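*Asks:* Structure file protein.cif (mmCIF, N, CA and C atoms) is given on the next line.
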```
data_work
#
loop_
_atom_site.label_atom_id
_atom_site.label_comp_id
_atom_site.auth_asym_id
_atom_site.auth_seq_id
_atom_site.Cartn_x
_atom_site.Cartn_y
_atom_site.Cartn_z
N CYS T 104 0.84 -1.19 0.00
CA CYS T 104 0.00 0.00 0.00
C CYS T 104 0.87 1.24 0.00
N ALA T 105 0.48 2.21 -0.77
CA ALA T 105 1.24 3.46 -0.83
C ALA T 105 1.04 4.30 0.42
N HIS T 106 -0.07 4.09 1.12
CA HIS T 106 -0.37 4.91 2.30
C HIS T 106 -0.23 4.15 3.60
N SER T 107 0.55 3.09 3.62
CA SER T 107 0.69 2.29 4.83
C SER T 107 1.54 3.03 5.85
N LYS T 108 1.22 2.80 7.11
CA LYS T 108 1.95 3.42 8.21
C LYS T 108 2.88 2.38 8.83
N PRO T 109 4.04 2.81 9.31
CA PRO T 109 4.96 1.85 9.94
C PRO T 109 4.41 1.40 11.30
N LEU T 110 4.81 0.19 11.69
CA LEU T 110 4.47 -0.34 13.01
C LEU T 110 5.46 0.23 14.01
N LYS T 111 4.95 0.84 15.07
CA LYS T 111 5.82 1.41 16.10
C LYS T 111 5.56 0.71 17.42
N ILE T 112 6.66 0.27 18.05
CA ILE T 112 6.59 -0.36 19.36
C ILE T 112 7.50 0.45 20.27
N SER T 113 6.93 0.93 21.36
CA SER T 113 7.75 1.73 22.26
C SER T 113 7.55 1.28 23.70
N THR T 114 8.60 1.50 24.47
CA THR T 114 8.56 1.14 25.89
C THR T 114 9.51 2.05 26.66
N CYS T 115 9.35 2.08 27.93
CA CYS T 115 10.26 2.81 28.81
C CYS T 115 10.98 1.79 29.68
N VAL T 116 12.27 2.00 29.86
CA VAL T 116 13.09 1.10 30.67
C VAL T 116 13.73 1.93 31.78
N LEU T 117 13.56 1.49 32.99
CA LEU T 117 14.15 2.17 34.14
C LEU T 117 15.09 1.21 34.84
N ILE T 118 16.36 1.61 34.96
CA ILE T 118 17.35 0.84 35.71
C ILE T 118 17.87 1.75 36.81
N ALA T 119 17.57 1.39 38.04
CA ALA T 119 17.98 2.21 39.17
C ALA T 119 18.66 1.33 40.21
N ILE T 120 19.83 1.77 40.66
CA ILE T 120 20.58 1.06 41.70
C ILE T 120 21.02 2.09 42.73
N LYS T 121 20.73 1.80 43.97
CA LYS T 121 21.16 2.67 45.07
C LYS T 121 21.66 1.76 46.18
N ASP T 122 23.00 1.63 46.27
CA ASP T 122 23.56 0.71 47.23
C ASP T 122 25.03 1.04 47.43
N ASN T 123 25.50 1.07 48.65
CA ASN T 123 26.92 1.25 49.00
C ASN T 123 27.57 2.40 48.24
N GLY T 124 26.96 3.56 48.27
CA GLY T 124 27.54 4.73 47.62
C GLY T 124 27.26 4.82 46.14
N LEU T 125 26.66 3.82 45.56
CA LEU T 125 26.31 3.85 44.14
C LEU T 125 24.88 4.34 44.02
N ASP T 126 24.70 5.45 43.33
CA ASP T 126 23.37 6.02 43.12
C ASP T 126 23.20 6.24 41.62
N MET T 127 22.53 5.30 40.97
CA MET T 127 22.38 5.33 39.52
C MET T 127 20.90 5.26 39.18
N ARG T 128 20.49 6.11 38.27
CA ARG T 128 19.10 6.09 37.78
C ARG T 128 19.12 6.40 36.29
N ASN T 129 18.75 5.41 35.51
CA ASN T 129 18.71 5.57 34.06
C ASN T 129 17.31 5.23 33.57
N ASP T 130 16.61 6.24 33.14
CA ASP T 130 15.25 6.10 32.61
C ASP T 130 15.33 6.40 31.12
N MET T 131 15.06 5.37 30.31
CA MET T 131 15.19 5.53 28.86
C MET T 131 13.88 5.19 28.16
N ALA T 132 13.61 5.92 27.08
CA ALA T 132 12.49 5.62 26.20
C ALA T 132 13.07 4.95 24.95
N ILE T 133 12.56 3.77 24.61
CA ILE T 133 13.07 3.01 23.47
C ILE T 133 11.91 2.78 22.51
N GLU T 134 12.16 3.04 21.23
CA GLU T 134 11.13 2.88 20.21
C GLU T 134 11.69 2.12 19.02
N PHE T 135 10.96 1.10 18.58
CA PHE T 135 11.27 0.36 17.36
C PHE T 135 10.24 0.76 16.32
N GLU T 136 10.70 0.97 15.10
CA GLU T 136 9.80 1.29 13.99
C GLU T 136 10.10 0.35 12.83
N ILE T 137 9.08 -0.39 12.42
CA ILE T 137 9.23 -1.34 11.33
C ILE T 137 8.44 -0.81 10.14
N ASP T 138 9.16 -0.50 9.05
CA ASP T 138 8.51 0.08 7.88
C ASP T 138 7.70 -0.95 7.10
N SER T 139 8.28 -2.08 6.83
CA SER T 139 7.62 -3.08 6.00
C SER T 139 8.02 -4.46 6.50
N ALA T 140 7.02 -5.30 6.72
CA ALA T 140 7.30 -6.66 7.18
C ALA T 140 6.21 -7.60 6.66
N PRO T 141 6.29 -7.96 5.38
CA PRO T 141 5.29 -8.90 4.86
C PRO T 141 5.45 -10.27 5.51
N MET T 142 4.30 -10.90 5.82
CA MET T 142 4.30 -12.20 6.48
C MET T 142 3.53 -13.21 5.63
N LEU T 143 3.96 -14.44 5.73
CA LEU T 143 3.30 -15.54 5.05
C LEU T 143 3.25 -16.71 6.02
N ALA T 144 2.06 -17.26 6.22
CA ALA T 144 1.90 -18.40 7.11
C ALA T 144 1.10 -19.48 6.41
N SER T 145 1.47 -20.73 6.67
CA SER T 145 0.72 -21.88 6.17
C SER T 145 0.20 -22.67 7.36
N PHE T 146 -1.03 -23.09 7.27
CA PHE T 146 -1.68 -23.81 8.35
C PHE T 146 -2.10 -25.20 7.90
N LEU T 147 -2.10 -26.13 8.82
CA LEU T 147 -2.64 -27.46 8.60
C LEU T 147 -3.82 -27.61 9.54
N LEU T 148 -4.99 -27.84 8.99
CA LEU T 148 -6.19 -28.06 9.79
C LEU T 148 -6.85 -29.35 9.32
N LYS T 149 -7.01 -30.28 10.22
CA LYS T 149 -7.78 -31.49 9.91
C LYS T 149 -9.21 -31.21 10.36
N VAL T 150 -10.14 -31.44 9.46
CA VAL T 150 -11.54 -31.21 9.80
C VAL T 150 -12.30 -32.52 9.69
N GLN T 151 -13.39 -32.59 10.43
CA GLN T 151 -14.23 -33.78 10.39
C GLN T 151 -15.04 -33.75 9.11
N GLU T 152 -14.97 -34.83 8.34
CA GLU T 152 -15.62 -34.89 7.03
C GLU T 152 -17.13 -34.68 7.14
N GLU T 153 -17.75 -35.31 8.09
CA GLU T 153 -19.19 -35.20 8.25
C GLU T 153 -19.60 -33.76 8.56
N ALA T 154 -18.86 -33.10 9.43
CA ALA T 154 -19.17 -31.70 9.77
C ALA T 154 -18.93 -30.79 8.57
N PHE T 155 -17.90 -31.07 7.78
CA PHE T 155 -17.61 -30.27 6.60
C PHE T 155 -18.73 -30.37 5.57
N LEU T 156 -19.25 -31.56 5.37
CA LEU T 156 -20.30 -31.75 4.38
C LEU T 156 -21.64 -31.15 4.81
N ARG T 157 -21.82 -30.92 6.11
CA ARG T 157 -23.07 -30.34 6.62
C ARG T 157 -23.03 -28.83 6.76
N ILE T 158 -21.90 -28.18 6.55
CA ILE T 158 -21.81 -26.73 6.75
C ILE T 158 -22.63 -26.01 5.69
N PRO T 159 -23.51 -25.09 6.08
CA PRO T 159 -24.28 -24.33 5.11
C PRO T 159 -23.36 -23.40 4.30
N LEU T 160 -23.62 -23.27 3.02
CA LEU T 160 -22.77 -22.43 2.17
C LEU T 160 -22.75 -20.98 2.64
N ALA T 161 -23.81 -20.53 3.27
CA ALA T 161 -23.84 -19.15 3.78
C ALA T 161 -22.83 -18.95 4.91
N GLN T 162 -22.40 -20.04 5.56
CA GLN T 162 -21.47 -19.96 6.68
C GLN T 162 -20.04 -20.34 6.31
N ILE T 163 -19.78 -20.54 5.03
CA ILE T 163 -18.46 -21.02 4.59
C ILE T 163 -17.34 -20.03 4.92
N ASN T 164 -17.66 -18.75 5.01
CA ASN T 164 -16.65 -17.72 5.33
C ASN T 164 -16.52 -17.46 6.83
N ASN T 165 -17.29 -18.14 7.63
CA ASN T 165 -17.27 -17.93 9.07
C ASN T 165 -16.14 -18.74 9.70
N PRO T 166 -15.10 -18.07 10.26
CA PRO T 166 -13.97 -18.82 10.83
C PRO T 166 -14.37 -19.69 12.03
N TYR T 167 -15.40 -19.31 12.75
CA TYR T 167 -15.83 -20.09 13.92
C TYR T 167 -16.39 -21.45 13.49
N CYS T 168 -17.04 -21.48 12.32
CA CYS T 168 -17.53 -22.76 11.79
C CYS T 168 -16.37 -23.68 11.46
N TRP T 169 -15.30 -23.13 10.88
CA TRP T 169 -14.13 -23.94 10.55
C TRP T 169 -13.44 -24.45 11.81
N ILE T 170 -13.33 -23.59 12.81
CA ILE T 170 -12.70 -24.00 14.08
C ILE T 170 -13.52 -25.11 14.74
N ALA T 171 -14.85 -25.01 14.65
CA ALA T 171 -15.71 -26.02 15.26
C ALA T 171 -15.56 -27.39 14.59
N MET T 172 -15.09 -27.42 13.34
CA MET T 172 -14.92 -28.69 12.63
C MET T 172 -13.61 -29.41 12.95
N ILE T 173 -12.69 -28.75 13.66
CA ILE T 173 -11.41 -29.36 14.02
C ILE T 173 -11.65 -30.35 15.16
N PRO T 174 -11.32 -31.61 14.98
CA PRO T 174 -11.58 -32.59 16.05
C PRO T 174 -10.63 -32.38 17.23
N PHE T 175 -11.14 -32.69 18.41
CA PHE T 175 -10.31 -32.62 19.61
C PHE T 175 -9.27 -33.73 19.57
N PRO T 176 -8.05 -33.46 20.02
CA PRO T 176 -7.06 -34.54 20.09
C PRO T 176 -7.42 -35.49 21.23
N LYS T 177 -6.87 -36.69 21.18
CA LYS T 177 -7.09 -37.66 22.25
C LYS T 177 -6.29 -37.23 23.47
N LEU T 178 -6.96 -37.14 24.61
CA LEU T 178 -6.34 -36.69 25.85
C LEU T 178 -6.41 -37.79 26.91
N ASP T 179 -5.41 -37.78 27.81
CA ASP T 179 -5.47 -38.73 28.92
C ASP T 179 -6.33 -38.14 30.03
N ASP T 180 -6.39 -38.81 31.19
CA ASP T 180 -7.26 -38.36 32.29
C ASP T 180 -6.79 -37.04 32.92
N ARG T 181 -5.56 -36.63 32.64
CA ARG T 181 -5.05 -35.34 33.15
C ARG T 181 -5.19 -34.22 32.13
N GLY T 182 -5.73 -34.52 30.94
CA GLY T 182 -5.92 -33.50 29.91
C GLY T 182 -4.70 -33.29 29.03
N ILE T 183 -3.75 -34.23 29.05
CA ILE T 183 -2.54 -34.14 28.24
C ILE T 183 -2.72 -35.00 27.00
N ARG T 184 -2.29 -34.47 25.86
CA ARG T 184 -2.43 -35.20 24.60
C ARG T 184 -1.73 -36.56 24.70
N VAL T 185 -2.42 -37.60 24.26
CA VAL T 185 -1.90 -38.96 24.36
C VAL T 185 -0.74 -39.18 23.39
N ASP T 186 -0.94 -38.89 22.12
CA ASP T 186 0.11 -39.08 21.13
C ASP T 186 0.31 -37.75 20.41
N SER T 187 1.34 -37.01 20.80
CA SER T 187 1.49 -35.63 20.33
C SER T 187 1.97 -35.52 18.89
N LYS T 188 2.53 -36.58 18.30
CA LYS T 188 3.11 -36.44 16.96
C LYS T 188 2.21 -36.97 15.85
N SER T 189 1.53 -38.08 16.09
CA SER T 189 0.80 -38.71 14.99
C SER T 189 -0.61 -38.16 14.81
N ASP T 190 -1.17 -37.53 15.81
CA ASP T 190 -2.56 -37.09 15.75
C ASP T 190 -2.65 -35.57 15.79
N ILE T 191 -1.95 -34.89 14.90
CA ILE T 191 -1.99 -33.43 14.86
C ILE T 191 -3.27 -33.00 14.17
N THR T 192 -4.04 -32.15 14.84
CA THR T 192 -5.31 -31.68 14.28
C THR T 192 -5.23 -30.25 13.76
N ALA T 193 -4.31 -29.46 14.28
CA ALA T 193 -4.12 -28.09 13.82
C ALA T 193 -2.67 -27.70 14.09
N ALA T 194 -2.06 -27.02 13.10
CA ALA T 194 -0.66 -26.62 13.26
C ALA T 194 -0.33 -25.48 12.30
N ILE T 195 0.63 -24.67 12.68
CA ILE T 195 1.24 -23.71 11.78
C ILE T 195 2.45 -24.43 11.18
N THR T 196 2.39 -24.70 9.89
CA THR T 196 3.45 -25.50 9.27
C THR T 196 4.63 -24.64 8.83
N THR T 197 4.36 -23.43 8.36
CA THR T 197 5.45 -22.49 8.02
C THR T 197 5.04 -21.09 8.43
N PHE T 198 6.01 -20.31 8.80
CA PHE T 198 5.78 -18.91 9.12
C PHE T 198 7.01 -18.13 8.67
N ASP T 199 6.82 -17.27 7.70
CA ASP T 199 7.91 -16.46 7.16
C ASP T 199 7.59 -14.99 7.35
N ILE T 200 8.59 -14.23 7.75
CA ILE T 200 8.47 -12.79 7.86
C ILE T 200 9.73 -12.18 7.28
N ASN T 201 9.56 -11.16 6.50
CA ASN T 201 10.68 -10.49 5.86
C ASN T 201 10.67 -9.03 6.30
N VAL T 202 11.55 -8.69 7.21
CA VAL T 202 11.63 -7.33 7.73
C VAL T 202 12.65 -6.56 6.89
N ALA T 203 12.18 -5.58 6.17
CA ALA T 203 13.05 -4.83 5.29
C ALA T 203 13.89 -3.80 6.05
N LYS T 204 13.29 -3.16 7.03
CA LYS T 204 14.00 -2.08 7.72
C LYS T 204 13.44 -1.89 9.12
N ILE T 205 14.33 -1.83 10.11
CA ILE T 205 13.95 -1.56 11.49
C ILE T 205 14.73 -0.35 11.96
N LYS T 206 14.02 0.60 12.52
CA LYS T 206 14.67 1.77 13.10
C LYS T 206 14.59 1.65 14.62
N LEU T 207 15.67 2.00 15.28
CA LEU T 207 15.72 1.99 16.73
C LEU T 207 16.02 3.41 17.19
N ASN T 208 15.20 3.90 18.10
CA ASN T 208 15.41 5.23 18.65
C ASN T 208 15.40 5.13 20.17
N ALA T 209 16.49 5.52 20.79
CA ALA T 209 16.61 5.50 22.25
C ALA T 209 16.87 6.92 22.73
N THR T 210 16.14 7.29 23.77
CA THR T 210 16.27 8.63 24.33
C THR T 210 16.39 8.52 25.84
N CYS T 211 17.34 9.25 26.40
CA CYS T 211 17.46 9.30 27.85
C CYS T 211 16.44 10.30 28.39
N VAL T 212 15.51 9.81 29.20
CA VAL T 212 14.55 10.69 29.85
C VAL T 212 15.22 11.32 31.06
N GLU T 213 15.88 10.47 31.83
CA GLU T 213 16.65 10.92 33.00
C GLU T 213 17.76 9.91 33.22
N CYS T 214 18.98 10.26 32.84
CA CYS T 214 20.11 9.35 32.96
C CYS T 214 21.20 9.99 33.80
N THR T 215 21.61 9.27 34.85
CA THR T 215 22.68 9.79 35.70
C THR T 215 24.00 9.09 35.48
N SER T 216 23.99 7.95 34.80
CA SER T 216 25.23 7.21 34.54
C SER T 216 26.00 7.87 33.41
N PRO T 217 27.33 7.97 33.57
CA PRO T 217 28.12 8.53 32.48
C PRO T 217 28.09 7.60 31.27
N GLY T 218 27.93 8.16 30.12
CA GLY T 218 27.95 7.38 28.90
C GLY T 218 26.58 6.92 28.41
N MET T 219 25.53 7.07 29.22
CA MET T 219 24.21 6.62 28.79
C MET T 219 23.66 7.48 27.65
N GLU T 220 23.92 8.77 27.68
CA GLU T 220 23.49 9.64 26.57
C GLU T 220 24.18 9.21 25.28
N THR T 221 25.49 8.91 25.37
CA THR T 221 26.24 8.45 24.19
C THR T 221 25.71 7.12 23.71
N LEU T 222 25.40 6.20 24.63
CA LEU T 222 24.84 4.91 24.27
C LEU T 222 23.50 5.07 23.55
N ALA T 223 22.67 5.97 24.06
CA ALA T 223 21.36 6.21 23.43
C ALA T 223 21.54 6.77 22.03
N GLU T 224 22.49 7.67 21.84
CA GLU T 224 22.75 8.22 20.51
C GLU T 224 23.30 7.14 19.56
N THR T 225 24.14 6.25 20.09
CA THR T 225 24.70 5.18 19.28
C THR T 225 23.62 4.20 18.84
N TRP T 226 22.69 3.87 19.74
CA TRP T 226 21.60 2.96 19.42
C TRP T 226 20.65 3.54 18.38
N SER T 227 20.43 4.85 18.44
CA SER T 227 19.46 5.49 17.54
C SER T 227 20.01 5.46 16.11
N THR T 228 19.13 5.09 15.18
CA THR T 228 19.54 4.98 13.79
C THR T 228 18.69 5.86 12.90
#
```
Any chance you could put this one into structure tokens?

*Replies:*
Amino acid sequence: CAHSKPLKISTCVLIAIKDNGLDMRNDMAIEFEIDSAPMLASFLLKVQEEAFLRIPLAQINNPYCWIAMIPFPKLDDRGIRVDSKSDITAAITTFDINVAKIKLNATCVECTSPGMETLAETWST
């Protein structure tokens, strides 16, 4: 899309130590910006044949109907899958993501440690 907006993830990190004459407080704002990250995923879903043949065509686009057709795996009395490898009913078989560009921006909100401002500038791209 020509008008797509980048994904921005931001957080604040506070590292403070006050012990035996050491008084350090580093409050930093960190932001990641991802311009483009196309994703491709492949899924494996086993559905019950009888339920699939009974689904009304008007509901074929309803994801809840598809989820309802996935059979439950065999579980033991504790609720743990009996055979985890041979009886897979739903799985993500492949997941690909291609991140073209990531920007990192770090800013010292309140930094008392020497070199933290320089570190924040070095991290910022």

*Asks:* Give me, as a VMD selection string, the residues of chain T that a backbone DSSP run labels helix (DSSP H, G or I).

*Replies:* chain T and resid 152 to 157 160 to 162 166 to 171 219 to 226

*Asks:* Got a sec to resolve the PyMOL selection byres ((chain T and resi 206-208) around 6) on this structure and send the residues as a PyMOL selection string?

*Replies:* chain T and resi 132-137+204-205+209-210+226-228

*Asks:* Using atom CA of T:Ile200 and atom C of T:Asp138 as the two end points, give the distance in Å to one decimal.

*Replies:*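 According to the coordinates, atom CA of T:Ile200 and atom C of T:Asp138 are separated by 11.9 Å.
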
*Asks:* Quick one: apply the PyMOL selection byres ((chain T and resi 139) around 6.5) to the file and drop the selected residues here as a PDB file with N, CA and C atoms, in the coordinates of the input.

*Replies:*
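New file selection-v7.pdb:
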```
ATOM      1  N   PRO T 109       4.040   2.810   9.310  1.00  0.00           N
ATOM      2  CA  PRO T 109       4.960   1.850   9.940  1.00  0.00           C
ATOM      3  C   PRO T 109       4.410   1.400  11.300  1.00  0.00           C
ATOM      4  N   LEU T 110       4.810   0.190  11.690  1.00  0.00           N
ATOM      5  CA  LEU T 110       4.470  -0.340  13.010  1.00  0.00           C
ATOM      6  C   LEU T 110       5.460   0.230  14.010  1.00  0.00           C
ATOM      7  N   ILE T 137       9.080  -0.390  12.420  1.00  0.00           N
ATOM      8  CA  ILE T 137       9.230  -1.340  11.330  1.00  0.00           C
ATOM      9  C   ILE T 137       8.440  -0.810  10.140  1.00  0.00           C
ATOM     10  N   ASP T 138       9.160  -0.500   9.050  1.00  0.00           N
ATOM     11  CA  ASP T 138       8.510   0.080   7.880  1.00  0.00           C
ATOM     12  C   ASP T 138       7.700  -0.950   7.100  1.00  0.00           C
ATOM     13  N   ALA T 140       7.020  -5.300   6.720  1.00  0.00           N
ATOM     14  CA  ALA T 140       7.300  -6.660   7.180  1.00  0.00           C
ATOM     15  C   ALA T 140       6.210  -7.600   6.660  1.00  0.00           C
ATOM     16  N   PRO T 141       6.290  -7.960   5.380  1.00  0.00           N
ATOM     17  CA  PRO T 141       5.290  -8.900   4.860  1.00  0.00           C
ATOM     18  C   PRO T 141       5.450 -10.270   5.510  1.00  0.00           C
ATOM     19  N   ASN T 201       9.560 -11.160   6.500  1.00  0.00           N
ATOM     20  CA  ASN T 201      10.680 -10.490   5.860  1.00  0.00           C
ATOM     21  C   ASN T 201      10.670  -9.030   6.300  1.00  0.00           C
ATOM     22  N   VAL T 202      11.550  -8.690   7.210  1.00  0.00           N
ATOM     23  CA  VAL T 202      11.630  -7.330   7.730  1.00  0.00           C
ATOM     24  C   VAL T 202      12.650  -6.560   6.890  1.00  0.00           C
ATOM     25  N   ALA T 203      12.180  -5.580   6.170  1.00  0.00           N
ATOM     26  CA  ALA T 203      13.050  -4.830   5.290  1.00  0.00           C
ATOM     27  C   ALA T 203      13.890  -3.800   6.050  1.00  0.00           C
ATOM     28  N   LYS T 204      13.290  -3.160   7.030  1.00  0.00           N
ATOM     29  CA  LYS T 204      14.000  -2.080   7.720  1.00  0.00           C
ATOM     30  C   LYS T 204      13.440  -1.890   9.120  1.00  0.00           C
TER      31      LYS T 204
END
```

*Asks:* Neighbouring residues of stretch 145-149 of chain T were defined as those with any atom within 7 Å, considering only C-alpha atoms; residues of the same chain fewer than 4 positions away were excluded. Please report them as a PyMOL selection string.

*Replies:* chain T and resi 173+192-198

*Asks:* Report as a ChimeraX atom specification: the residues of chain T with a DSSP assignment of strand (DSSP E), based on the backbone of this structure.

*Replies:* /T:110-122,125-137,142-148,193-200,205-214

*Asks:* Can I get the selected residues back with N, CA and C atoms, as a compact mmCIF listing (two decimals), in the coordinates of the input?

*Replies:*
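Final file, selection.txt:
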```txt
# COMPACT_ATOMS: atom_id res chain seq x y z
N LEU T 110 4.81 0.19 11.69
CA LEU T 110 4.47 -0.34 13.01
C LEU T 110 5.46 0.23 14.01
N LYS T 111 4.95 0.84 15.07
CA LYS T 111 5.82 1.41 16.10
C LYS T 111 5.56 0.71 17.42
N ILE T 112 6.66 0.27 18.05
CA ILE T 112 6.59 -0.36 19.36
C ILE T 112 7.50 0.45 20.27
N SER T 113 6.93 0.93 21.36
CA SER T 113 7.75 1.73 22.26
C SER T 113 7.55 1.28 23.70
N THR T 114 8.60 1.50 24.47
CA THR T 114 8.56 1.14 25.89
C THR T 114 9.51 2.05 26.66
N CYS T 115 9.35 2.08 27.93
CA CYS T 115 10.26 2.81 28.81
C CYS T 115 10.98 1.79 29.68
N VAL T 116 12.27 2.00 29.86
CA VAL T 116 13.09 1.10 30.67
C VAL T 116 13.73 1.93 31.78
N LEU T 117 13.56 1.49 32.99
CA LEU T 117 14.15 2.17 34.14
C LEU T 117 15.09 1.21 34.84
N ILE T 118 16.36 1.61 34.96
CA ILE T 118 17.35 0.84 35.71
C ILE T 118 17.87 1.75 36.81
N ALA T 119 17.57 1.39 38.04
CA ALA T 119 17.98 2.21 39.17
C ALA T 119 18.66 1.33 40.21
N ILE T 120 19.83 1.77 40.66
CA ILE T 120 20.58 1.06 41.70
C ILE T 120 21.02 2.09 42.73
N LYS T 121 20.73 1.80 43.97
CA LYS T 121 21.16 2.67 45.07
C LYS T 121 21.66 1.76 46.18
N ASP T 122 23.00 1.63 46.27
CA ASP T 122 23.56 0.71 47.23
C ASP T 122 25.03 1.04 47.43
N LEU T 125 26.66 3.82 45.56
CA LEU T 125 26.31 3.85 44.14
C LEU T 125 24.88 4.34 44.02
N ASP T 126 24.70 5.45 43.33
CA ASP T 126 23.37 6.02 43.12
C ASP T 126 23.20 6.24 41.62
N MET T 127 22.53 5.30 40.97
CA MET T 127 22.38 5.33 39.52
C MET T 127 20.90 5.26 39.18
N ARG T 128 20.49 6.11 38.27
CA ARG T 128 19.10 6.09 37.78
C ARG T 128 19.12 6.40 36.29
N ASN T 129 18.75 5.41 35.51
CA ASN T 129 18.71 5.57 34.06
C ASN T 129 17.31 5.23 33.57
N ASP T 130 16.61 6.24 33.14
CA ASP T 130 15.25 6.10 32.61
C ASP T 130 15.33 6.40 31.12
N MET T 131 15.06 5.37 30.31
CA MET T 131 15.19 5.53 28.86
C MET T 131 13.88 5.19 28.16
N ALA T 132 13.61 5.92 27.08
CA ALA T 132 12.49 5.62 26.20
C ALA T 132 13.07 4.95 24.95
N ILE T 133 12.56 3.77 24.61
CA ILE T 133 13.07 3.01 23.47
C ILE T 133 11.91 2.78 22.51
N GLU T 134 12.16 3.04 21.23
CA GLU T 134 11.13 2.88 20.21
C GLU T 134 11.69 2.12 19.02
N PHE T 135 10.96 1.10 18.58
CA PHE T 135 11.27 0.36 17.36
C PHE T 135 10.24 0.76 16.32
N GLU T 136 10.70 0.97 15.10
CA GLU T 136 9.80 1.29 13.99
C GLU T 136 10.10 0.35 12.83
N ILE T 137 9.08 -0.39 12.42
CA ILE T 137 9.23 -1.34 11.33
C ILE T 137 8.44 -0.81 10.14
N MET T 142 4.30 -10.90 5.82
CA MET T 142 4.30 -12.20 6.48
C MET T 142 3.53 -13.21 5.63
N LEU T 143 3.96 -14.44 5.73
CA LEU T 143 3.30 -15.54 5.05
C LEU T 143 3.25 -16.71 6.02
N ALA T 144 2.06 -17.26 6.22
CA ALA T 144 1.90 -18.40 7.11
C ALA T 144 1.10 -19.48 6.41
N SER T 145 1.47 -20.73 6.67
CA SER T 145 0.72 -21.88 6.17
C SER T 145 0.20 -22.67 7.36
N PHE T 146 -1.03 -23.09 7.27
CA PHE T 146 -1.68 -23.81 8.35
C PHE T 146 -2.10 -25.20 7.90
N LEU T 147 -2.10 -26.13 8.82
CA LEU T 147 -2.64 -27.46 8.60
C LEU T 147 -3.82 -27.61 9.54
N LEU T 148 -4.99 -27.84 8.99
CA LEU T 148 -6.19 -28.06 9.79
C LEU T 148 -6.85 -29.35 9.32
N ALA T 193 -4.31 -29.46 14.28
CA ALA T 193 -4.12 -28.09 13.82
C ALA T 193 -2.67 -27.70 14.09
N ALA T 194 -2.06 -27.02 13.10
CA ALA T 194 -0.66 -26.62 13.26
C ALA T 194 -0.33 -25.48 12.30
N ILE T 195 0.63 -24.67 12.68
CA ILE T 195 1.24 -23.71 11.78
C ILE T 195 2.45 -24.43 11.18
N THR T 196 2.39 -24.70 9.89
CA THR T 196 3.45 -25.50 9.27
C THR T 196 4.63 -24.64 8.83
N THR T 197 4.36 -23.43 8.36
CA THR T 197 5.45 -22.49 8.02
C THR T 197 5.04 -21.09 8.43
N PHE T 198 6.01 -20.31 8.80
CA PHE T 198 5.78 -18.91 9.12
C PHE T 198 7.01 -18.13 8.67
N ASP T 199 6.82 -17.27 7.70
CA ASP T 199 7.91 -16.46 7.16
C ASP T 199 7.59 -14.99 7.35
N ILE T 200 8.59 -14.23 7.75
CA ILE T 200 8.47 -12.79 7.86
C ILE T 200 9.73 -12.18 7.28
N ILE T 205 14.33 -1.83 10.11
CA ILE T 205 13.95 -1.56 11.49
C ILE T 205 14.73 -0.35 11.96
N LYS T 206 14.02 0.60 12.52
CA LYS T 206 14.67 1.77 13.10
C LYS T 206 14.59 1.65 14.62
N LEU T 207 15.67 2.00 15.28
CA LEU T 207 15.72 1.99 16.73
C LEU T 207 16.02 3.41 17.19
N ASN T 208 15.20 3.90 18.10
CA ASN T 208 15.41 5.23 18.65
C ASN T 208 15.40 5.13 20.17
N ALA T 209 16.49 5.52 20.79
CA ALA T 209 16.61 5.50 22.25
C ALA T 209 16.87 6.92 22.73
N THR T 210 16.14 7.29 23.77
CA THR T 210 16.27 8.63 24.33
C THR T 210 16.39 8.52 25.84
N CYS T 211 17.34 9.25 26.40
CA CYS T 211 17.46 9.30 27.85
C CYS T 211 16.44 10.30 28.39
N VAL T 212 15.51 9.81 29.20
CA VAL T 212 14.55 10.69 29.85
C VAL T 212 15.22 11.32 31.06
N GLU T 213 15.88 10.47 31.83
CA GLU T 213 16.65 10.92 33.00
C GLU T 213 17.76 9.91 33.22
N CYS T 214 18.98 10.26 32.84
CA CYS T 214 20.11 9.35 32.96
C CYS T 214 21.20 9.99 33.80
```

*Asks:* Mind pulling up the distance from atom C of T:Leu117 to atom CA of T:Glu220?

*Replies:*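 Computed distance, atom CA of T:Glu220 to atom C of T:Leu117, equals 14.5 Å.
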
*Asks:* Between atom N of T:Asp180 and atom CA of T:Phe155, what distance in Å does the model show, to one decimal?

*Replies:* 28.3 Å

*Asks:* So, counting only C-alpha atoms, which residue among T:Lys108, T:Arg128, T:Lys177, T:Lys121 is closest to T:Glu213?

*Replies:*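 Closest to T:Glu213, using only C-alpha atoms: T:Arg128.
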
*Asks:* Do you know which residues are at most 7 Å from T:Asp130 counting only N, CA and C atoms, after dropping those on the same chain fewer than 4 positions away, and could you put them as a compact mmCIF listing (two decimals) with N, CA and C atoms, in the coordinates of the input?

*Replies:*
```
# COMPACT_ATOMS: atom_id res chain seq x y z
N CYS T 115 9.35 2.08 27.93
CA CYS T 115 10.26 2.81 28.81
C CYS T 115 10.98 1.79 29.68
N VAL T 116 12.27 2.00 29.86
CA VAL T 116 13.09 1.10 30.67
C VAL T 116 13.73 1.93 31.78
N LEU T 117 13.56 1.49 32.99
CA LEU T 117 14.15 2.17 34.14
C LEU T 117 15.09 1.21 34.84
N ILE T 118 16.36 1.61 34.96
CA ILE T 118 17.35 0.84 35.71
C ILE T 118 17.87 1.75 36.81
N ALA T 119 17.57 1.39 38.04
CA ALA T 119 17.98 2.21 39.17
C ALA T 119 18.66 1.33 40.21
N THR T 210 16.14 7.29 23.77
CA THR T 210 16.27 8.63 24.33
C THR T 210 16.39 8.52 25.84
N CYS T 211 17.34 9.25 26.40
CA CYS T 211 17.46 9.30 27.85
C CYS T 211 16.44 10.30 28.39
N VAL T 212 15.51 9.81 29.20
CA VAL T 212 14.55 10.69 29.85
C VAL T 212 15.22 11.32 31.06
N GLU T 213 15.88 10.47 31.83
CA GLU T 213 16.65 10.92 33.00
C GLU T 213 17.76 9.91 33.22
N CYS T 214 18.98 10.26 32.84
CA CYS T 214 20.11 9.35 32.96
C CYS T 214 21.20 9.99 33.80
N THR T 215 21.61 9.27 34.85
CA THR T 215 22.68 9.79 35.70
C THR T 215 24.00 9.09 35.48
```
